[in-house]
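One file, final.txt, carrying compact mmCIF, C-alpha atoms:
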```
# COMPACT_ATOMS: atom_id res chain seq x y z
CA MET G 156 106.23 106.58 76.48
CA ASP G 157 105.55 105.90 72.77
CA GLU G 158 106.57 109.08 70.90
CA THR G 159 103.62 108.69 68.54
CA ILE G 160 101.26 109.62 71.38
CA LEU G 161 102.72 113.08 71.78
CA ARG G 162 102.98 113.48 67.98
CA ASN G 163 99.30 112.60 67.54
CA LEU G 164 98.29 114.94 70.35
CA ASP G 165 100.24 117.75 68.71
CA THR G 166 98.67 117.03 65.31
CA GLN G 167 95.13 116.95 66.68
CA SER G 168 95.78 120.18 68.55
CA ARG G 169 96.99 121.89 65.38
CA ARG G 170 93.98 120.59 63.46
CA LEU G 171 91.68 121.98 66.12
CA ARG G 172 93.34 125.39 65.92
CA GLU G 173 92.94 125.37 62.12
CA ILE G 174 89.25 124.58 62.43
CA GLU G 175 88.79 127.32 65.03
CA GLU G 176 90.51 129.80 62.71
CA ASP G 177 88.28 128.76 59.79
CA LEU G 178 85.17 129.09 61.94
CA GLY G 179 86.28 132.52 63.03
CA ARG G 180 86.76 133.68 59.45
CA LEU G 181 83.39 132.31 58.43
CA VAL G 182 81.59 134.05 61.26
CA ARG G 183 83.28 137.34 60.30
CA ASP G 184 82.39 136.83 56.62
CA ASP G 185 86.08 136.95 55.78
CA VAL G 186 86.07 133.87 53.63
CA THR G 187 85.75 134.12 49.85
CA GLY G 188 85.32 130.46 48.97
CA THR G 189 84.78 127.06 50.36
CA ILE G 190 87.18 125.73 52.92
CA ALA G 191 89.76 123.32 51.55
CA PRO G 192 89.07 119.73 52.54
CA PRO G 193 92.48 119.17 54.13
CA ARG G 194 91.73 121.92 56.59
CA ALA G 195 88.17 120.79 57.30
CA ARG G 196 88.47 117.03 57.11
CA ALA G 197 91.08 114.35 57.59
CA ALA G 198 91.14 110.83 56.27
CA ARG G 199 89.35 108.30 58.41
CA ALA G 200 91.53 106.07 60.61
CA GLY G 201 90.29 102.64 61.52
CA ASP G 202 92.75 102.07 64.34
CA TYR G 203 95.58 103.78 66.19
CA ALA G 204 98.16 102.82 63.57
CA GLY G 205 95.90 104.29 60.91
CA LEU G 206 95.44 107.49 62.92
CA THR G 207 99.22 107.84 63.27
CA GLN G 208 99.69 107.32 59.52
CA VAL G 209 97.05 109.94 58.65
CA ASN G 210 98.47 112.45 61.11
CA ASP G 211 102.06 111.89 59.95
CA ALA G 212 100.99 112.50 56.37
CA LEU G 213 99.21 115.69 57.43
CA ARG G 214 102.28 116.82 59.37
CA GLY G 215 104.42 116.34 56.27
CA ALA G 216 101.99 118.31 54.11
CA ARG G 217 101.77 121.16 56.63
CA GLY G 218 105.46 121.18 57.51
CA TRP G 219 104.78 120.47 61.21
CA THR G 220 108.14 119.20 62.34
CA GLU G 221 108.12 120.30 65.99
CA VAL G 222 106.06 118.65 68.73
CA ASP G 223 104.72 121.18 71.23
CA ALA G 224 103.19 119.00 73.94
CA ALA G 225 102.48 121.99 76.17
CA ALA G 226 100.33 123.66 73.49
CA ALA G 227 98.45 120.42 72.80
CA LEU G 228 96.98 120.31 76.31
CA THR G 229 95.12 122.79 78.44
CA ALA G 230 96.47 123.60 81.90
CA VAL G 231 93.99 121.18 83.48
CA GLN G 232 94.82 118.47 80.96
CA GLN G 233 98.55 119.02 81.47
CA ASP G 234 98.13 118.63 85.25
CA ALA G 235 96.13 115.45 84.71
CA PHE G 236 98.72 114.14 82.26
CA ASP G 237 101.58 114.88 84.68
CA ALA G 238 99.69 113.15 87.48
CA TRP G 239 99.09 110.12 85.27
CA ARG G 240 102.75 109.99 84.26
CA ASP G 241 103.80 110.27 87.91
CA ARG G 242 101.63 107.28 88.78
CA LYS G 243 103.34 105.04 86.25
CA ARG G 244 105.44 102.29 87.78
CA LEU G 245 109.15 103.00 87.62
CA PRO G 246 111.47 100.10 86.78
CA TRP G 247 114.24 99.19 89.19
CA ALA G 248 117.71 100.48 88.38
CA ILE G 249 121.01 98.79 89.17
CA ASP G 250 121.57 101.03 92.19
CA ASP G 251 118.15 99.98 93.53
CA LEU G 252 119.20 96.33 93.43
CA VAL G 253 122.49 97.15 95.15
CA VAL G 254 120.84 99.10 97.97
CA VAL G 255 118.14 96.45 98.48
CA GLY G 256 120.93 93.89 98.76
CA LEU G 257 122.76 96.07 101.28
CA ALA G 258 119.63 96.63 103.40
CA GLY G 259 118.78 92.93 103.19
CA ALA G 260 122.29 92.03 104.34
CA VAL G 261 121.97 94.37 107.32
CA GLY G 262 118.61 92.83 108.20
CA PHE G 263 119.98 89.31 107.84
CA ALA G 264 122.99 90.09 110.06
CA ALA G 265 120.77 91.74 112.68
CA THR G 266 118.56 88.64 112.70
CA TRP G 267 121.54 86.32 113.02
CA PHE G 268 122.82 88.24 116.03
CA ASP G 269 119.42 89.26 117.44
CA ALA G 270 120.06 87.67 120.84
CA ASP G 271 123.39 89.50 121.15
CA LEU G 272 121.79 92.79 120.14
CA ASP G 273 119.01 92.34 122.67
CA ARG G 274 121.54 91.42 125.37
CA ALA G 275 123.46 94.63 124.64
CA LEU G 276 120.26 96.67 124.78
CA ARG G 277 119.29 94.94 128.04
CA ARG G 278 122.58 95.99 129.63
CA ARG G 279 122.12 99.57 128.42
CA LEU G 280 118.62 99.76 129.86
CA ALA G 281 119.76 98.17 133.12
CA GLY G 282 122.16 101.07 133.53
CA LEU G 283 119.22 103.49 133.37
CA LYS G 284 117.61 101.83 136.37
CA ASP G 285 120.18 103.46 138.66
CA THR G 286 119.55 106.97 137.33
CA GLU G 287 117.78 109.41 139.61
CA LEU G 288 114.87 109.85 137.18
CA ILE G 289 114.03 106.13 137.03
CA ARG G 290 114.53 105.78 140.78
CA SER G 291 112.06 108.61 141.40
CA TRP G 292 109.51 106.99 139.08
CA GLU G 293 110.02 103.68 140.85
CA ARG G 294 109.36 105.32 144.23
CA GLU G 295 106.22 107.07 142.95
CA GLY G 296 104.91 103.85 141.44
CA ARG G 297 105.21 101.71 144.57
CA ARG G 298 102.31 100.07 146.42
CA LEU G 299 100.05 100.07 143.39
CA ALA G 300 97.44 97.34 143.06
CA ILE G 301 98.84 96.18 139.72
CA ASP G 302 102.08 95.09 141.48
CA HIS G 303 100.45 92.52 143.77
CA THR G 304 102.76 89.53 144.30
CA GLY G 305 100.79 87.47 146.81
CA PRO G 306 100.32 83.68 146.67
CA GLY G 307 99.76 82.55 143.10
CA PHE G 308 100.84 85.88 141.64
CA GLY G 309 104.46 86.27 142.73
CA GLY G 310 107.78 85.25 141.26
CA PRO G 311 110.03 86.80 138.63
CA ASP G 312 107.36 86.34 135.97
CA HIS G 313 104.51 87.88 138.02
CA ARG G 314 103.95 90.59 135.39
CA VAL G 315 102.53 88.07 132.94
CA ARG G 316 99.78 87.32 135.47
CA SER G 317 98.93 90.99 136.04
CA SER G 318 96.74 92.82 133.53
CA GLY G 319 98.09 96.06 134.97
CA HIS G 320 101.48 95.39 133.34
CA ASP G 321 99.93 94.89 129.89
CA LEU G 322 100.06 97.90 127.55
CA GLY G 323 97.18 96.36 125.66
CA ARG G 324 94.83 96.52 128.69
CA PRO G 325 94.90 100.12 129.94
CA ILE G 326 91.31 100.15 131.22
CA ALA G 327 91.92 97.22 133.58
CA ALA G 328 95.18 98.77 134.81
CA LEU G 329 93.77 102.24 135.45
CA ARG G 330 90.71 100.84 137.23
CA GLN G 331 92.92 98.90 139.65
CA ILE G 332 95.13 101.92 140.31
CA ARG G 333 92.19 104.23 140.96
CA ASP G 334 90.33 101.77 143.21
CA GLY G 335 93.42 100.39 144.95
CA VAL G 336 92.15 96.84 144.32
CA PHE G 337 94.12 94.18 142.48
CA THR G 338 92.05 91.96 140.18
CA GLY G 339 93.40 88.80 138.60
CA VAL G 340 92.66 85.23 137.59
CA ALA G 341 93.83 82.08 139.39
CA TRP G 342 93.41 78.50 138.18
CA GLU G 343 93.04 75.48 140.44
CA ASP G 344 92.40 72.04 138.98
CA GLY G 345 91.20 73.64 135.76
CA ILE G 346 88.69 75.88 137.57
CA ARG G 347 88.94 79.64 137.13
CA HIS G 348 88.82 81.90 140.19
CA ASP G 349 88.49 85.67 139.92
CA VAL G 350 90.73 87.16 142.60
CA GLU G 351 90.45 90.58 144.25
CA ARG G 352 92.97 91.96 146.73
CA PRO G 353 92.15 95.39 148.26
CA GLY G 354 94.31 97.55 150.50
CA PHE G 355 96.60 99.26 148.00
CA ARG G 356 97.08 103.00 147.54
CA THR G 357 94.51 104.78 145.41
CA ALA G 358 94.67 107.57 142.86
CA GLY G 359 92.41 110.59 143.21
CA SER G 360 91.81 111.14 139.49
CA LEU G 361 92.22 109.49 136.11
CA PRO G 362 95.16 111.75 135.08
CA GLU G 363 96.95 110.86 138.34
CA ALA G 364 96.31 107.15 137.75
CA LEU G 365 97.59 107.46 134.18
CA SER G 366 100.74 109.24 135.37
CA LEU G 367 101.44 106.61 138.04
CA TRP G 368 100.86 103.79 135.57
CA ALA G 369 103.22 105.31 133.00
CA LYS G 370 105.99 105.82 135.58
CA HIS G 371 105.56 102.33 137.00
CA LEU G 372 105.76 100.71 133.56
CA ALA G 373 108.75 102.83 132.58
CA ALA G 374 110.62 101.69 135.69
CA ASP G 375 109.70 98.06 134.97
CA PHE G 376 110.61 98.30 131.28
CA VAL G 377 114.32 98.88 131.98
CA THR G 378 114.56 95.75 134.16
CA PRO G 379 115.79 92.48 132.58
CA MET G 380 112.29 90.94 132.56
CA SER G 381 110.89 94.11 130.95
CA LEU G 382 107.10 93.96 130.26
CA PRO G 383 104.89 91.39 128.54
CA LEU G 384 103.94 91.98 124.94
CA PRO G 385 100.61 93.83 124.54
CA GLY G 386 97.78 91.36 125.11
CA TRP G 387 100.11 88.63 126.39
CA THR G 388 98.49 88.54 129.85
CA LEU G 389 95.23 87.42 128.22
CA LEU G 390 96.87 84.08 127.46
CA TYR G 391 97.14 83.39 131.18
CA GLU G 392 93.39 83.87 131.56
CA MET G 393 92.53 81.34 128.85
CA PRO G 394 90.90 78.07 129.97
CA HIS G 395 93.45 76.01 128.04
CA ARG G 396 96.30 74.99 130.34
CA GLY G 397 98.69 74.61 127.43
CA LEU G 398 98.23 78.26 126.51
CA ARG G 399 98.82 79.39 130.09
CA LYS G 400 101.97 77.29 130.32
CA PHE G 401 103.12 78.64 126.96
CA ALA G 402 102.63 82.24 128.14
CA HIS G 403 104.72 81.65 131.27
CA GLU G 404 107.53 79.72 129.59
CA VAL G 405 108.00 82.11 126.70
CA TYR G 406 107.91 85.21 128.91
CA ARG G 407 110.23 83.68 131.54
CA GLY G 408 112.78 82.41 129.04
CA THR G 409 115.79 80.22 129.70
CA GLU G 410 117.18 82.89 132.03
CA PRO G 411 115.89 86.21 133.43
CA GLY G 412 115.48 88.61 130.53
CA ALA G 413 116.06 86.01 127.80
CA GLY G 414 112.35 85.43 127.17
CA LEU G 415 109.93 87.11 124.81
CA ASN G 416 108.92 90.50 126.19
CA ILE G 417 108.24 93.96 124.88
CA ARG G 418 111.96 94.73 124.69
CA SER G 419 113.11 91.54 122.95
CA GLY G 420 109.93 91.14 120.88
CA ALA G 421 109.21 94.73 119.84
CA VAL G 422 111.96 97.23 120.66
CA SER G 423 115.05 95.24 119.62
CA PRO G 424 113.48 93.96 116.34
CA SER G 425 112.31 97.50 115.58
CA LEU G 426 115.95 98.59 115.47
CA THR G 427 116.44 96.26 112.50
CA LEU G 428 113.32 97.66 110.86
CA LEU G 429 114.51 101.24 111.39
CA ALA G 430 117.92 100.42 109.92
CA THR G 431 116.32 99.05 106.74
CA GLU G 432 113.93 101.99 106.49
CA THR G 433 116.78 104.47 106.93
CA ILE G 434 118.95 102.87 104.25
CA MET G 435 116.18 102.63 101.64
CA ARG G 436 114.65 106.06 102.30
CA THR G 437 118.04 107.77 102.25
CA HIS G 438 118.78 106.14 98.89
CA VAL G 439 115.49 107.14 97.25
CA HIS G 440 115.33 110.70 98.60
CA ALA G 441 119.00 111.36 97.90
CA ARG G 442 118.56 110.27 94.28
CA ALA G 443 115.55 112.57 93.92
CA ALA G 444 117.54 115.46 95.41
CA VAL G 445 120.43 114.87 92.99
CA ARG G 446 118.09 114.73 89.99
CA THR G 447 115.74 117.64 90.79
CA GLY G 448 117.35 119.47 93.68
CA ASN G 449 114.37 118.56 95.84
CA PRO G 450 114.22 115.40 98.01
CA ALA G 451 110.41 115.28 97.70
CA LEU G 452 109.13 112.23 95.81
CA THR G 453 106.55 111.98 93.07
CA ALA G 454 103.75 109.45 93.31
CA SER G 455 105.64 106.96 91.11
CA GLU G 456 108.81 107.41 93.17
CA GLU G 457 106.84 106.76 96.36
CA ALA G 458 105.51 103.56 94.80
CA LEU G 459 109.07 102.55 93.87
CA ARG G 460 110.26 103.33 97.40
CA ASP G 461 107.58 101.06 98.86
CA GLU G 462 108.54 98.27 96.44
CA LEU G 463 112.17 98.53 97.53
CA LEU G 464 111.18 98.57 101.21
CA LEU G 465 108.95 95.54 100.71
CA ALA G 466 111.80 93.59 99.12
CA ALA G 467 114.35 94.59 101.76
CA HIS G 468 112.03 93.82 104.68
CA ALA G 469 111.14 90.49 103.08
CA VAL G 470 114.78 89.40 103.37
CA THR G 471 114.72 90.16 107.11
CA ALA G 472 111.38 88.40 107.55
CA VAL G 473 112.56 85.25 105.76
CA ALA G 474 115.73 85.22 107.86
CA SER G 475 113.84 85.63 111.15
CA VAL G 476 111.21 83.00 110.40
CA GLY G 477 113.86 80.62 109.07
CA LYS G 478 115.97 81.05 112.19
CA ALA G 479 112.97 80.45 114.45
CA VAL G 480 112.02 77.26 112.61
CA ALA G 481 115.60 75.98 112.52
CA ARG G 482 116.18 76.59 116.24
CA SER G 483 112.87 74.98 117.17
CA LEU G 484 113.91 71.83 115.31
CA VAL G 485 117.52 71.70 116.47
CA MET G 486 117.71 73.38 119.87
CA PRO G 487 116.08 71.97 123.03
CA THR G 488 114.53 75.36 123.90
CA GLY G 489 111.38 74.54 121.91
CA VAL G 490 108.84 77.36 121.96
CA MET G 491 111.53 79.89 122.91
CA ALA G 492 112.49 79.93 119.24
CA LEU G 493 109.50 82.25 118.75
CA ARG G 494 111.52 85.13 120.13
CA HIS G 495 113.52 85.18 116.88
CA VAL G 496 110.45 86.00 114.76
CA ASN G 497 110.63 89.70 113.87
CA VAL G 498 107.01 90.70 114.39
CA PRO G 499 107.49 94.46 113.67
CA VAL G 500 108.98 93.62 110.27
CA LEU G 501 106.11 91.24 109.47
CA LEU G 502 103.60 93.94 110.36
CA ARG G 503 105.46 96.46 108.21
CA ILE G 504 105.43 94.03 105.28
CA GLY G 505 101.67 93.68 105.69
CA MET G 506 101.21 97.47 105.60
CA LEU G 507 103.40 97.83 102.50
CA ALA G 508 101.55 94.99 100.78
CA VAL G 509 98.19 96.65 101.46
CA ASP G 510 99.49 99.94 100.03
CA ALA G 511 100.84 98.19 96.94
CA ARG G 512 97.52 96.44 96.41
CA GLY G 513 95.69 99.74 96.78
CA ARG G 514 97.88 101.37 94.14
CA ALA G 515 97.32 98.46 91.79
CA ARG G 516 93.56 98.67 92.25
CA ALA G 517 93.60 102.44 91.71
CA GLY G 518 95.58 101.94 88.51
CA THR G 519 93.07 99.36 87.30
CA ASP G 520 90.12 101.61 88.08
CA ALA G 521 91.76 104.52 86.26
CA VAL G 522 92.21 102.70 82.94
CA ALA G 523 91.73 105.09 80.01
CA PRO G 524 89.25 104.39 77.18
CA GLY G 525 90.54 102.16 74.42
CA TRP G 526 91.79 103.51 71.12
CA ASN G 527 88.71 102.24 69.28
CA THR G 528 86.48 104.33 71.54
CA LEU G 529 88.65 107.41 71.11
CA LEU G 530 88.80 107.02 67.33
CA SER G 531 85.04 106.58 67.14
CA ASP G 532 84.57 109.79 69.13
CA LEU G 533 87.10 111.56 66.89
CA ASP G 534 85.29 110.49 63.71
CA ARG G 535 81.99 111.70 65.14
CA ILE G 536 83.47 115.07 66.08
CA ASP G 537 85.08 115.46 62.62
CA THR G 538 81.77 114.68 60.96
CA ASP G 539 79.88 117.21 63.09
CA ILE G 540 82.48 119.93 62.50
CA ALA G 541 82.55 119.28 58.77
CA ALA G 542 78.77 119.54 58.61
CA GLY G 543 78.86 122.79 60.50
CA LEU G 544 81.53 124.23 58.21
CA ASP G 545 79.57 123.23 55.09
CA LEU G 546 76.46 124.88 56.51
CA LEU G 547 78.28 128.14 57.30
CA SER G 548 80.01 128.25 53.93
```
Go ahead and express the file in the form of structure tokens.
Amino acid sequence: MDETILRNLDTQSRRLREIEEDLGRLVRDDVTGTIAPPRARAARAGDYAGLTQVNDALRGARGWTEVDAAAALTAVQQDAFDAWRDRKRLPWAIDDLVVVGLAGAVGFAATWFDADLDRALRRRLAGLKDTELIRSWEREGRRLAIDHTGPGFGGPDHRVRSSGHDLGRPIAALRQIRDGVFTGVAWEDGIRHDVERPGFRTAGSLPEALSLWAKHLAADFVTPMSLPLPGWTLLYEMPHRGLRKFAHEVYRGTEPGAGLNIRSGAVSPSLTLLATETIMRTHVHARAAVRTGNPALTASEEALRDELLLAAHAVTAVASVGKAVARSLVMPTGVMALRHVNVPVLLRIGMLAVDARGRARAGTDAVAPGWNTLLSDLDRIDTDIAAGLDLLS
């Protein structure tokens, strides 16, 4: 901050106290003569530079060498000033650049080896399938309508044709479980057929249906095919055959479990996101703790944290999109390259960008009056006070 701001605030505060003292003496009839002009009036200042010059001259004449910023502001004004200072954008330091580079490198490496990481996670989850807990959930979730695998709805990728396996369509899933009737869509020669298959077990209440659905999906999630991404089953119901074929091919993958599903498309990429978040947040909060003894962040430090996160996540996003484009052009897998796009990171970037834009708009809306306006108000106040002092004297 320009030091002249605090110096001018201190000078104006001292001038105000002088005027208040003079007014008090006049009211008590303790004055014996007219008030000296330097104490009642100050030279006019046409701009901020002029105001600083006048105040510095007054400070020299009065011997005001110390700047007491706390005395220049009331408690309310001090709180407002601290809040304004906390909202100021903090510049990046060298350690910020280093940590952003480190987090970006971690994100880039995780993107490069995303298929290996997902394969390792798939093996870990497959081991859970043999645990007693998952086995019990699998037994409780059997013979539900959402698991119909009759003609046209069977095969290893049957879950992409069942709305009951879609986390984005809970109403359809719970209705089927409660009624014991499978509902789906079949296409023959481009004609849509709404299919209903009754005869499955029913649930006596909504909480029971919700419990059965959660256990069934949990048991399916740990399998290699996992579950479709939320809303993915809607692609199968679209009238465009290309979209339906796309939904099947991408979910099925080149081998069981190698397609785009909720594990490979959401859970595995989220590990990269969490790693970046952990690195950047640890850096920012640790620095605050070292400086103040408290890991809590001010408003400006929170804004800086979000800037650093945005930059680090951007490296991961560029790497994931670049890998997807490169593989789609070079590899024969075609649309399967989409599985390398880190959707959670892209969503996080969008959220951070919205927050950054909101802070920028708030800063624009909170612009203080210009110096010309403030000086005009100051001249008017000086004139009114001087007139009042002349009248009382």
*Quick one: residues within 12 Å of Thr166 (chain G), all atoms listed in the file counted, chain neighbours fewer than 5 positions away excluded, as a VMD selection string?*
chain G and resid 159 to 161 171 to 173 197 206 to 224 226 to 228
_Residues within 6 Å of region 467-479 of chain G, please, as a PyMOL selection string. Count only C-alpha atoms; anything in the same chain fewer than 6 positions from it doesn't count._
chain G and resi 255+258-259+262-263+266+492-493+495-497
*Non-local contacts of region 409-411 of chain G (10 Å; all atoms listed in the file; under 4 positions in same chain excluded) as a PyMOL selection string*: chain G and resi 311-312+378-381+404-405+488+491
*Could you please determine the separation between CA of Pro385 (chain G) and CA of Pro325 (chain G) in Å, to one decimal place?*
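Taking CA of Pro385 (chain G) as the start and CA of Pro325 (chain G) as the end point, the length is 10.1 Å.
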Would you mind listing, for every residue of region 308-327 of chain G within 12 Å of region 415-437 of chain G, the two atoms forming the shortest contact and the distance between them in Å to one decimal, using only C-alpha atoms, sorted by chain and ascending residue number, as a tab-separated table?
```
residue	atom	partner	partner_atom	distance
G:Asp312	CA	G:Asn416	CA	10.7
G:Arg314	CA	G:Asn416	CA	10.5
G:Val315	CA	G:Asn416	CA	9.6
G:His320	CA	G:Ile417	CA	10.9
G:Asp321	CA	G:Ile417	CA	9.7
G:Leu322	CA	G:Ile417	CA	9.5
G:Gly323	CA	G:Ile417	CA	11.3
```
_I'd like the interatomic distance between CA of Arg278 (chain G) and CA of Tyr406 (chain G), to a tenth of an Å._
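Interatomic distance here is 18.2 Å.
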*Just give me the gap between CA of Gly345 (chain G) and CA of Gly319 (chain G) in Å, one decimal is fine.*
23.5 Å
_Near-Leu459 (chain G) list (12 Å; only C-alpha atoms; drop same-chain fewer than 3 positions) as a PyMOL selection string_ = chain G and resi 241-248+251-252+255+435-436+438-440+443+452-456+462-466+507+510-511+514
_Can you pull out the residues contacting Arg330 (chain G)? Cut-off 10 Å, using only C-alpha atoms, and skip same-chain residues under 3 positions away; I want them as a list in words._
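Once the adjacent positions are removed, what remains is Ala300, Ile301, Gly319, Pro325, Ile326, Ala327, Arg333, Asp334, Gly335, Val336, Phe337, Thr338, Thr357, Ala358, Leu361 and Ala364 of chain G.
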Box for region 475-492 of chain G - axis-aligned, 4 Å on each of the six sides, all listed atoms - centre and size in Å to one decimal, as lines of an AutoDock Vina configuration file.
```
center_x = 113.3
center_y = 78.7
center_z = 116.5
size_x = 16.9
size_y = 21.9
size_z = 22.8
```
_Point (106.3, 108.0, 142.8), cut-off 10 Å, counting all atoms listed in the file, residues as number ranges by chain_ = G: 289-298, 366-368, 370-371
Residue subset to file, keeping C-alpha atoms, as a compact mmCIF listing (two decimals), in the frame of the given file:
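Saved to out_33.txt:
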```
# COMPACT_ATOMS: atom_id res chain seq x y z
CA ILE G 289 114.03 106.13 137.03
CA ARG G 290 114.53 105.78 140.78
CA SER G 291 112.06 108.61 141.40
CA TRP G 292 109.51 106.99 139.08
CA GLU G 293 110.02 103.68 140.85
CA ARG G 294 109.36 105.32 144.23
CA GLU G 295 106.22 107.07 142.95
CA GLY G 296 104.91 103.85 141.44
CA ARG G 297 105.21 101.71 144.57
CA ARG G 298 102.31 100.07 146.42
CA SER G 366 100.74 109.24 135.37
CA LEU G 367 101.44 106.61 138.04
CA TRP G 368 100.86 103.79 135.57
CA LYS G 370 105.99 105.82 135.58
CA HIS G 371 105.56 102.33 137.00
```
